[in-house]
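Enquirer: File my_file_19.txt follows (compact mmCIF, C-alpha atoms and all ligand atoms):
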# COMPACT_ATOMS: atom_id res chain seq x y z
CA MET A 417 -23.30 -55.10 87.13
CA ALA A 418 -21.96 -56.06 90.52
CA ILE A 419 -23.71 -54.15 93.24
CA PRO A 420 -24.00 -54.97 96.92
CA ASP A 421 -26.98 -56.92 98.34
CA THR A 422 -28.60 -53.92 99.93
CA PRO A 423 -30.80 -51.98 97.52
CA HIS A 424 -29.75 -48.78 99.19
CA MET A 425 -26.37 -47.90 100.67
CA SER A 426 -24.48 -44.70 101.25
CA ASN A 427 -21.49 -42.99 102.82
CA ASN A 428 -23.83 -40.48 104.36
CA VAL A 429 -23.63 -40.48 108.15
CA THR A 430 -26.84 -39.35 109.82
CA THR A 431 -26.20 -37.16 112.82
CA PRO A 432 -28.86 -36.65 115.49
CA ALA A 433 -30.59 -33.27 115.54
CA PRO A 434 -29.01 -30.84 118.02
CA HIS A 435 -30.92 -30.17 121.24
CA SER A 436 -31.24 -26.44 120.77
CA ASN A 437 -34.50 -24.61 120.37
CA PRO A 438 -34.40 -23.17 116.84
CA ALA A 439 -36.21 -20.02 115.77
CA PRO A 440 -39.72 -20.83 114.38
CA GLU A 441 -38.71 -20.16 110.75
CA ALA A 442 -35.71 -22.47 111.07
CA ARG A 443 -37.76 -25.34 112.48
CA LYS A 444 -39.20 -26.31 109.12
CA SER A 445 -37.00 -29.10 107.79
CA PRO A 446 -35.83 -28.66 104.21
CA GLN A 447 -37.67 -30.39 101.42
CA ARG A 448 -35.63 -33.01 99.58
CA ILE A 449 -35.69 -32.78 95.81
CA GLY A 450 -34.01 -35.11 93.33
CA LEU A 451 -32.57 -33.67 90.14
CA LEU A 452 -32.14 -35.90 87.11
CA GLY A 453 -30.31 -33.93 84.45
CA GLY A 454 -29.63 -35.20 80.97
CA THR A 455 -29.85 -34.67 77.27
CA PHE A 456 -33.15 -36.57 77.02
CA ASP A 457 -32.65 -37.09 73.30
CA PRO A 458 -35.13 -38.76 73.61
CA PRO A 459 -36.35 -39.42 77.17
CA HIS A 460 -37.01 -43.14 77.75
CA LEU A 461 -38.02 -45.72 80.36
CA GLY A 462 -34.51 -45.76 81.87
CA HIS A 463 -34.91 -42.09 82.85
CA LEU A 464 -38.48 -42.52 84.10
CA VAL A 465 -37.77 -45.65 86.13
CA ALA A 466 -34.64 -44.11 87.67
CA ALA A 467 -36.53 -40.94 88.67
CA ASP A 468 -39.51 -42.82 90.08
CA GLN A 469 -37.50 -45.47 91.94
CA VAL A 470 -35.30 -42.87 93.63
CA LEU A 471 -38.35 -40.75 94.49
CA HIS A 472 -39.87 -43.66 96.39
CA ALA A 473 -36.73 -45.37 97.74
CA LEU A 474 -35.53 -42.17 99.40
CA GLY A 475 -38.97 -40.73 100.15
CA LEU A 476 -38.19 -37.49 98.29
CA ASP A 477 -40.69 -34.68 97.95
CA LYS A 478 -40.24 -34.72 94.18
CA VAL A 479 -37.81 -35.39 91.37
CA LEU A 480 -37.16 -32.79 88.70
CA LEU A 481 -36.13 -33.95 85.24
CA VAL A 482 -33.95 -31.22 83.80
CA PRO A 483 -33.11 -31.27 80.08
CA ALA A 484 -29.78 -29.61 79.31
CA ASN A 485 -29.79 -26.52 77.14
CA GLN A 486 -26.36 -27.28 75.74
CA PRO A 487 -24.96 -30.64 76.86
CA TRP A 488 -21.41 -29.30 76.55
CA GLN A 489 -19.76 -32.70 76.86
CA LYS A 490 -21.74 -33.99 73.85
CA VAL A 491 -22.07 -31.10 71.42
CA ASP A 492 -18.89 -31.89 69.51
CA SER A 493 -19.61 -35.57 69.08
CA ARG A 494 -23.04 -35.63 67.43
CA GLN A 495 -26.05 -33.66 66.24
CA ILE A 496 -28.22 -32.83 69.25
CA THR A 497 -31.98 -32.29 68.84
CA SER A 498 -33.04 -28.73 69.73
CA ALA A 499 -33.39 -28.00 73.42
CA GLU A 500 -37.02 -26.93 72.98
CA ARG A 501 -37.95 -30.23 71.38
CA ARG A 502 -36.09 -32.28 74.02
CA LEU A 503 -37.86 -30.28 76.74
CA GLU A 504 -41.22 -30.90 75.08
CA MET A 505 -40.52 -34.64 74.78
CA THR A 506 -39.52 -34.78 78.45
CA ARG A 507 -42.76 -33.02 79.39
CA VAL A 508 -44.88 -35.48 77.43
CA ALA A 509 -42.87 -38.41 78.83
CA VAL A 510 -43.60 -37.38 82.41
CA GLY A 511 -47.18 -36.24 81.75
CA GLY A 512 -49.03 -35.90 85.04
CA THR A 513 -46.97 -38.46 86.96
CA ASP A 514 -47.21 -37.83 90.70
CA GLY A 515 -43.91 -36.71 92.21
CA LEU A 516 -42.15 -36.15 88.89
CA GLU A 517 -41.80 -32.71 87.30
CA VAL A 518 -39.89 -31.24 84.38
CA SER A 519 -37.91 -28.05 84.78
CA ASP A 520 -36.97 -25.71 81.93
CA ILE A 521 -34.39 -23.95 84.10
CA GLU A 522 -31.41 -24.84 81.90
CA LEU A 523 -33.13 -23.44 78.79
CA ARG A 524 -33.98 -20.28 80.71
CA LEU A 525 -30.39 -19.96 81.88
CA GLY A 526 -29.15 -20.47 78.31
CA GLY A 527 -25.63 -21.43 77.19
CA PRO A 528 -23.82 -24.56 78.32
CA SER A 529 -25.53 -26.39 81.18
CA TYR A 530 -23.66 -26.92 84.42
CA THR A 531 -25.40 -28.71 87.30
CA SER A 532 -23.76 -26.50 89.91
CA VAL A 533 -25.17 -23.35 88.25
CA THR A 534 -28.53 -25.09 87.79
CA ILE A 535 -28.78 -25.90 91.50
CA GLU A 536 -27.90 -22.35 92.42
CA ALA A 537 -30.72 -21.06 90.20
CA LEU A 538 -33.20 -23.72 91.32
CA SER A 539 -32.49 -22.90 94.96
CA LYS A 540 -34.13 -19.52 94.37
CA GLU A 541 -37.28 -21.23 93.07
CA PHE A 542 -37.16 -23.92 95.75
CA PRO A 543 -35.69 -22.35 98.89
CA ASN A 544 -34.87 -24.49 101.91
CA THR A 545 -34.15 -27.53 99.77
CA GLU A 546 -31.71 -30.37 100.13
CA TRP A 547 -30.61 -31.40 96.61
CA LEU A 548 -29.95 -34.94 95.47
CA VAL A 549 -28.43 -35.29 92.02
CA ILE A 550 -29.38 -38.58 90.38
CA VAL A 551 -26.93 -40.17 87.95
CA GLY A 552 -26.62 -43.52 86.23
CA ALA A 553 -23.49 -45.58 86.99
CA ASP A 554 -21.94 -44.40 83.68
CA ALA A 555 -22.35 -40.74 84.56
CA ALA A 556 -21.20 -41.37 88.15
CA MET A 557 -17.81 -42.44 86.85
CA ARG A 558 -17.44 -39.12 85.01
CA LEU A 559 -18.51 -36.81 87.85
CA ASP A 560 -15.00 -35.43 88.26
CA THR A 561 -15.10 -34.12 84.67
CA TRP A 562 -18.10 -31.92 85.50
CA HIS A 563 -17.88 -28.17 85.89
CA ASN A 564 -17.18 -26.59 89.28
CA THR A 565 -17.09 -29.87 91.19
CA ASP A 566 -15.77 -28.26 94.38
CA LYS A 567 -18.97 -26.29 94.66
CA LEU A 568 -21.23 -29.13 93.55
CA ARG A 569 -19.80 -31.39 96.28
CA GLN A 570 -21.11 -28.87 98.81
CA GLN A 571 -24.46 -28.38 97.07
CA ALA A 572 -25.75 -31.91 96.64
CA THR A 573 -25.71 -35.56 97.51
CA ILE A 574 -25.09 -37.81 94.52
CA VAL A 575 -27.57 -40.65 94.08
CA VAL A 576 -26.18 -43.35 91.81
CA VAL A 577 -28.50 -45.81 90.09
CA ASN A 578 -27.24 -48.98 88.42
CA ARG A 579 -27.09 -49.06 84.66
CA PRO A 580 -26.34 -52.10 82.47
CA GLY A 581 -22.88 -51.85 80.95
CA SER A 582 -21.36 -49.75 83.75
CA ASP A 583 -20.02 -51.18 86.99
CA PHE A 584 -20.85 -49.28 90.13
CA GLN A 585 -17.89 -47.40 91.52
CA PRO A 586 -18.34 -45.33 94.68
CA PRO A 587 -17.79 -41.67 93.72
CA THR A 588 -14.95 -40.91 96.12
CA GLY A 589 -14.86 -37.40 97.47
CA TRP A 590 -18.61 -37.00 97.09
CA THR A 591 -21.47 -37.55 99.50
CA TRP A 592 -23.32 -40.34 97.75
CA GLU A 593 -26.06 -42.91 97.97
CA LEU A 594 -26.73 -45.94 95.79
CA VAL A 595 -30.28 -46.88 94.89
CA GLU A 596 -30.75 -50.17 93.12
CA ILE A 597 -33.34 -50.05 90.37
CA PRO A 598 -34.57 -52.72 87.93
CA SER A 599 -31.89 -52.80 85.22
CA ILE A 600 -33.10 -51.04 82.12
CA SER A 601 -30.98 -51.70 79.09
CA ILE A 602 -32.20 -48.70 77.12
CA SER A 603 -30.34 -45.55 76.05
CA GLY A 604 -31.09 -42.48 74.01
CA THR A 605 -28.47 -43.69 71.54
CA SER A 606 -30.23 -47.04 71.08
CA LEU A 607 -33.61 -45.37 70.58
CA ARG A 608 -32.23 -42.96 67.95
CA ARG A 609 -30.60 -45.86 66.16
CA ARG A 610 -33.75 -47.96 66.22
CA VAL A 611 -35.81 -45.16 64.71
CA ALA A 612 -33.13 -44.53 62.07
CA ILE A 613 -33.26 -48.13 60.85
CA GLY A 614 -37.03 -48.42 61.13
CA ASN A 615 -37.27 -50.60 64.26
CA SER A 616 -40.06 -50.15 66.77
CA ILE A 617 -39.46 -48.17 69.96
CA ARG A 618 -42.91 -48.88 71.40
CA PHE A 619 -42.80 -49.54 75.16
CA LEU A 620 -39.16 -48.42 75.35
CA THR A 621 -40.43 -44.94 76.13
CA SER A 622 -43.88 -43.59 76.91
CA ALA A 623 -46.52 -43.80 74.17
CA ALA A 624 -46.72 -40.00 74.04
CA VAL A 625 -42.99 -39.78 73.23
CA VAL A 626 -43.30 -42.44 70.51
CA GLU A 627 -46.13 -40.42 69.02
CA HIS A 628 -44.15 -37.17 69.23
CA ILE A 629 -41.14 -38.74 67.50
CA GLU A 630 -43.35 -40.12 64.73
CA ARG A 631 -45.32 -36.91 64.28
CA TRP A 632 -42.18 -34.79 63.87
CA GLY A 633 -40.19 -37.41 61.97
CA LEU A 634 -37.33 -37.25 64.48
CA TYR A 635 -34.24 -39.45 64.23
CA ARG A 636 -35.10 -40.79 60.78
CA GLU A 637 -32.17 -41.38 58.43
CA ASP A 638 -33.88 -39.25 55.80
CA ALA A 639 -34.76 -36.45 58.26
P1 LIG A 701 -27.38 -41.07 75.24
O1 LIG A 701 -27.28 -42.49 74.79
O2 LIG A 701 -27.77 -40.10 74.19
O3 LIG A 701 -26.17 -40.61 76.05
P2 LIG A 701 -28.79 -41.66 77.67
O4 LIG A 701 -29.75 -42.77 77.59
O5 LIG A 701 -27.45 -41.97 78.30
O6 LIG A 701 -28.63 -41.01 76.25
P3 LIG A 701 -28.81 -39.16 79.03
O7 LIG A 701 -29.77 -38.06 78.80
O8 LIG A 701 -27.42 -39.05 78.54
O9 LIG A 701 -29.49 -40.49 78.44
O10 LIG A 701 -28.77 -39.55 80.58
C1 LIG A 701 -29.18 -38.70 81.62
C2 LIG A 701 -28.97 -39.43 82.94
O11 LIG A 701 -29.82 -40.58 83.01
C3 LIG A 701 -27.53 -39.96 83.14
O12 LIG A 701 -27.18 -39.80 84.50
C4 LIG A 701 -27.65 -41.43 82.78
O13 LIG A 701 -26.67 -42.22 83.43
C5 LIG A 701 -29.06 -41.75 83.30
N1 LIG A 701 -29.64 -42.87 82.57
C6 LIG A 701 -30.00 -42.88 81.27
N2 LIG A 701 -30.50 -44.08 80.92
C7 LIG A 701 -30.44 -44.86 82.03
C8 LIG A 701 -30.78 -46.22 82.29
N3 LIG A 701 -31.26 -47.01 81.32
N4 LIG A 701 -30.59 -46.70 83.53
C9 LIG A 701 -30.09 -45.89 84.50
N5 LIG A 701 -29.73 -44.60 84.33
C10 LIG A 701 -29.90 -44.08 83.10
MG MG A 702 -25.81 -40.69 78.19
Rewrite the coordinates I just gave you, this time as C-alpha cells.

Expert:
Amino acid sequence: MAIPDTPHMSNNVTTPAPHSNPAPEARKSPQRIGLLGGTFDPPHLGHLVAADQVLHALGLDKVLLVPANQPWQKVDSRQITSAERRLEMTRVAVGGTDGLEVSDIELRLGGPSYTSVTIEALSKEFPNTEWLVIVGADAAMRLDTWHNTDKLRQQATIVVVNRPGSDFQPPTGWTWELVEIPSISISGTSLRRRVAIGNSIRFLTSAAVVEHIERWGLYREDA
C-alpha cells in the first residue's frame, strides 16, 4: 500500500504547555493507552504486531486488546465464535507480553460493542488517560460507520496502521496518527479458512493460540 516515507505522521498539532502553575493533582500528566478493539476470531500476528509496534513507536504506557462482545457490524454476515472463547484466545495470544494487556470490558458491558461506550467505561478504570484507538487501514476507512462518532472524535486519537490490501486514507474529521508497521498479510478470515481446509496456521498466530484452536476443534469444517 502507498504510504508516505515517514514511519509516523499525524495531523495532531502539539501545543506548548501553558505557563500557569497547576494544582498539584492536575500536574500529573495523563497516561497514554492504546486500544485495539476487534473480533479476534482468532487473534493473530497482525493484531500482536500492530499493538506492539504502536506501543513502542508512540511510547505508550500500554496497549489494551479488547475483544468485542457482539461485533454488531459482523453478526449478520457469519457465525462468530463465542465472546468468552475469543477473549480466552486473546489472553493466551498476549500471554505475559510487557506493555500489552487484554480487557474483558466489552463482555462485562454486554450487548453490542461500541468503542465510544467502551472508552467511557474504561475511563473509570483508568482515570486521567489519553486514549488512542488503533485501527488497520481497512477499519480506518469505515470509521464513519461506527456508533456515536461525534463523541468518539472527542474521546480519542485514531492511530492507523498499514494493512495489505487497503490503501491508507487519512481519516478526515478525526485526530489521527499513522504508524507504519511491517506488513502482515494475515487475517482472522484467512486463519479460519486455513483450519477449515486442514492447512497449517503455525507461526501465523502464537503457539498457544494454535494449541487452543486444536484442543477445542475450532474452525473445522466438521465442527
Ligand atoms: P476478520 O478477517 O475476521 O475480519 P481481522 O483479521 O480483520 O479478522 P479483526 O478482529 O476484524 O481481525 O481486526 C481488529 C483490528 O485489527 C482492525 O482494526 C483491523 O484492521 C486490525 N488488523 C487485523 N489484522 C491486521 C493486520 N494483519 N495488519 C494490520 N491491522 C490488522
Ligand atoms: Mg476484520

Enquirer: Have a look at A:Ala556, A:Ala624, A:Ala484, A:Val549 and name the one nearest to Gly527 in chain A; count all atoms listed in the file.

Expert: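 The answer is A:Ala484, which sits nearest to Gly527 in chain A.
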
Enquirer: Residues within 8 Å of ligand LIG 701 (chain A) (all atoms listed in the file), as a PDB file with C-alpha atoms, keeping the file's coordinate frame?

Expert:
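Just written: part.pdb:
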ATOM      1  CA  LEU A 452     -32.140 -35.900  87.110  1.00  0.00           C
ATOM      2  CA  GLY A 453     -30.310 -33.930  84.450  1.00  0.00           C
ATOM      3  CA  GLY A 454     -29.630 -35.200  80.970  1.00  0.00           C
ATOM      4  CA  THR A 455     -29.850 -34.670  77.270  1.00  0.00           C
ATOM      5  CA  PHE A 456     -33.150 -36.570  77.020  1.00  0.00           C
ATOM      6  CA  ASP A 457     -32.650 -37.090  73.300  1.00  0.00           C
ATOM      7  CA  PRO A 458     -35.130 -38.760  73.610  1.00  0.00           C
ATOM      8  CA  PRO A 459     -36.350 -39.420  77.170  1.00  0.00           C
ATOM      9  CA  HIS A 460     -37.010 -43.140  77.750  1.00  0.00           C
ATOM     10  CA  LEU A 461     -38.020 -45.720  80.360  1.00  0.00           C
ATOM     11  CA  GLY A 462     -34.510 -45.760  81.870  1.00  0.00           C
ATOM     12  CA  HIS A 463     -34.910 -42.090  82.850  1.00  0.00           C
ATOM     13  CA  VAL A 465     -37.770 -45.650  86.130  1.00  0.00           C
ATOM     14  CA  ALA A 466     -34.640 -44.110  87.670  1.00  0.00           C
ATOM     15  CA  PRO A 483     -33.110 -31.270  80.080  1.00  0.00           C
ATOM     16  CA  ILE A 550     -29.380 -38.580  90.380  1.00  0.00           C
ATOM     17  CA  VAL A 551     -26.930 -40.170  87.950  1.00  0.00           C
ATOM     18  CA  GLY A 552     -26.620 -43.520  86.230  1.00  0.00           C
ATOM     19  CA  ALA A 553     -23.490 -45.580  86.990  1.00  0.00           C
ATOM     20  CA  ASP A 554     -21.940 -44.400  83.680  1.00  0.00           C
ATOM     21  CA  ALA A 555     -22.350 -40.740  84.560  1.00  0.00           C
ATOM     22  CA  ALA A 556     -21.200 -41.370  88.150  1.00  0.00           C
ATOM     23  CA  VAL A 577     -28.500 -45.810  90.090  1.00  0.00           C
ATOM     24  CA  ASN A 578     -27.240 -48.980  88.420  1.00  0.00           C
ATOM     25  CA  ARG A 579     -27.090 -49.060  84.660  1.00  0.00           C
ATOM     26  CA  PRO A 580     -26.340 -52.100  82.470  1.00  0.00           C
ATOM     27  CA  ILE A 597     -33.340 -50.050  90.370  1.00  0.00           C
ATOM     28  CA  SER A 599     -31.890 -52.800  85.220  1.00  0.00           C
ATOM     29  CA  ILE A 600     -33.100 -51.040  82.120  1.00  0.00           C
ATOM     30  CA  SER A 601     -30.980 -51.700  79.090  1.00  0.00           C
ATOM     31  CA  ILE A 602     -32.200 -48.700  77.120  1.00  0.00           C
ATOM     32  CA  SER A 603     -30.340 -45.550  76.050  1.00  0.00           C
ATOM     33  CA  GLY A 604     -31.090 -42.480  74.010  1.00  0.00           C
ATOM     34  CA  THR A 605     -28.470 -43.690  71.540  1.00  0.00           C
ATOM     35  CA  SER A 606     -30.230 -47.040  71.080  1.00  0.00           C
TER      36      SER A 606
END

Enquirer: Find the residues near Leu525 in chain A: any atom within 12 Å, counting only C-alpha atoms, skip ones fewer than 4 places away on the same chain, and give them as a list in words.

Expert: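 That gives Val482, Pro483, Ala484, Asn485, Gln486, Ser519, Asp520, Ile521, Ser529, Tyr530, Thr531, Val533, Thr534, Ile535, Glu536, Ala537 and Leu538 of chain A.
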
Enquirer: Please produce, as CSV, a per-residue contact table for range 601-623 of chain A versus range 498-517 of chain A (criterion: any atom at most 12 Å away, all atoms listed in the file considered), showing the nearest atom pair and its distance in Å to one decimal, sorted by chain then residue number.

Expert:
residue,atom,partner,partner_atom,distance
A:Gly604,CA,A:Arg502,CA,11.4
A:Phe619,CA,A:Ala509,CA,11.7
A:Leu620,CA,A:Ala509,CA,11.2
A:Thr621,CA,A:Ala509,CA,7.5
A:Ser622,CA,A:Ala509,CA,5.6
A:Ala623,CA,A:Ala509,CA,8.0

Enquirer: Just give me the gap between CA of Thr573 in chain A and CA of Leu523 in chain A in Å, one decimal is fine.

Expert: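 Result for CA of Thr573 in chain A versus CA of Leu523 in chain A: 23.5 Å, one decimal.
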
Enquirer: In Å, with one decimal, what is the gap from CA of Asp638 in chain A to CA of Ala612 in chain A?

Expert: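 CA of Asp638 in chain A sits 8.2 Å away from CA of Ala612 in chain A.
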
Enquirer: Quick one: of A:Ser445, A:Thr545, A:Thr591, A:Gln495, who's nearest to Val576 in chain A, counting only C-alpha atoms?

Expert: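 So, comparing all the options, the nearest one is A:Thr591.
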
Enquirer: So how many Å separate CA of Ile449 in chain A and CA of Asn564 in chain A, to one decimal?

Expert: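 Distance between the two atoms: 20.6 Å.
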
Enquirer: Would you list the contacts of Val611 in chain A as a ChimeraX atom specification, taking every protein, DNA or RNA residue within 12 Å and counting all atoms listed in the file, but skipping same-chain residues closer than 3 positions in sequence?

Expert: /A:458,604-608,614-618,620,626,629-630,633-639

Enquirer: For each of A:Asp468, A:Val518, A:Gly581, A:Arg448, take the minimum atom-to-atom distance to ligand MG 702 (chain A), counting all atoms listed in the file, then give the residue where this is smallest.

Expert: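 Answer, going by the shortest atom-to-atom distance: A:Gly581.
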
Enquirer: Which polymer residues have any atom within 12 Å of an atom of Thr588 in chain A, counting all atoms listed in the file, with same-chain residues fewer than 3 positions away left out, as a short mmCIF file (atom, residue, chain, number, x, y, z; two decimals) with C-alpha atoms, keeping the file's coordinate frame?

Expert:
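Everything below was put into out-v8.cif:
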data_model
loop_
_atom_site.label_atom_id
_atom_site.label_comp_id
_atom_site.auth_asym_id
_atom_site.auth_seq_id
_atom_site.Cartn_x
_atom_site.Cartn_y
_atom_site.Cartn_z
CA SER A 426 -24.48 -44.70 101.25
CA ASN A 427 -21.49 -42.99 102.82
CA ALA A 556 -21.20 -41.37 88.15
CA MET A 557 -17.81 -42.44 86.85
CA ARG A 558 -17.44 -39.12 85.01
CA LEU A 559 -18.51 -36.81 87.85
CA ASP A 560 -15.00 -35.43 88.26
CA ARG A 569 -19.80 -31.39 96.28
CA ILE A 574 -25.09 -37.81 94.52
CA PHE A 584 -20.85 -49.28 90.13
CA GLN A 585 -17.89 -47.40 91.52
CA THR A 591 -21.47 -37.55 99.50
CA TRP A 592 -23.32 -40.34 97.75
CA GLU A 593 -26.06 -42.91 97.97
#

Enquirer: Given all atoms listed in the file as the basis, pick out the residue of A:Gly475, A:Gln489, A:Asp566, A:Asn544 nearest to ligand MG 702 (chain A).

Expert: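 Once distances to ligand MG 702 (chain A) are computed over all atoms listed in the file, the minimum belongs to A:Gln489.
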
Enquirer: Out of A:Trp547, A:Val575, A:Pro446, A:Ser582, which residue has the shortest atom-to-atom distance to ligand MG 702 (chain A) when counting all atoms listed in the file?

Expert: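 Closest candidate: A:Ser582.
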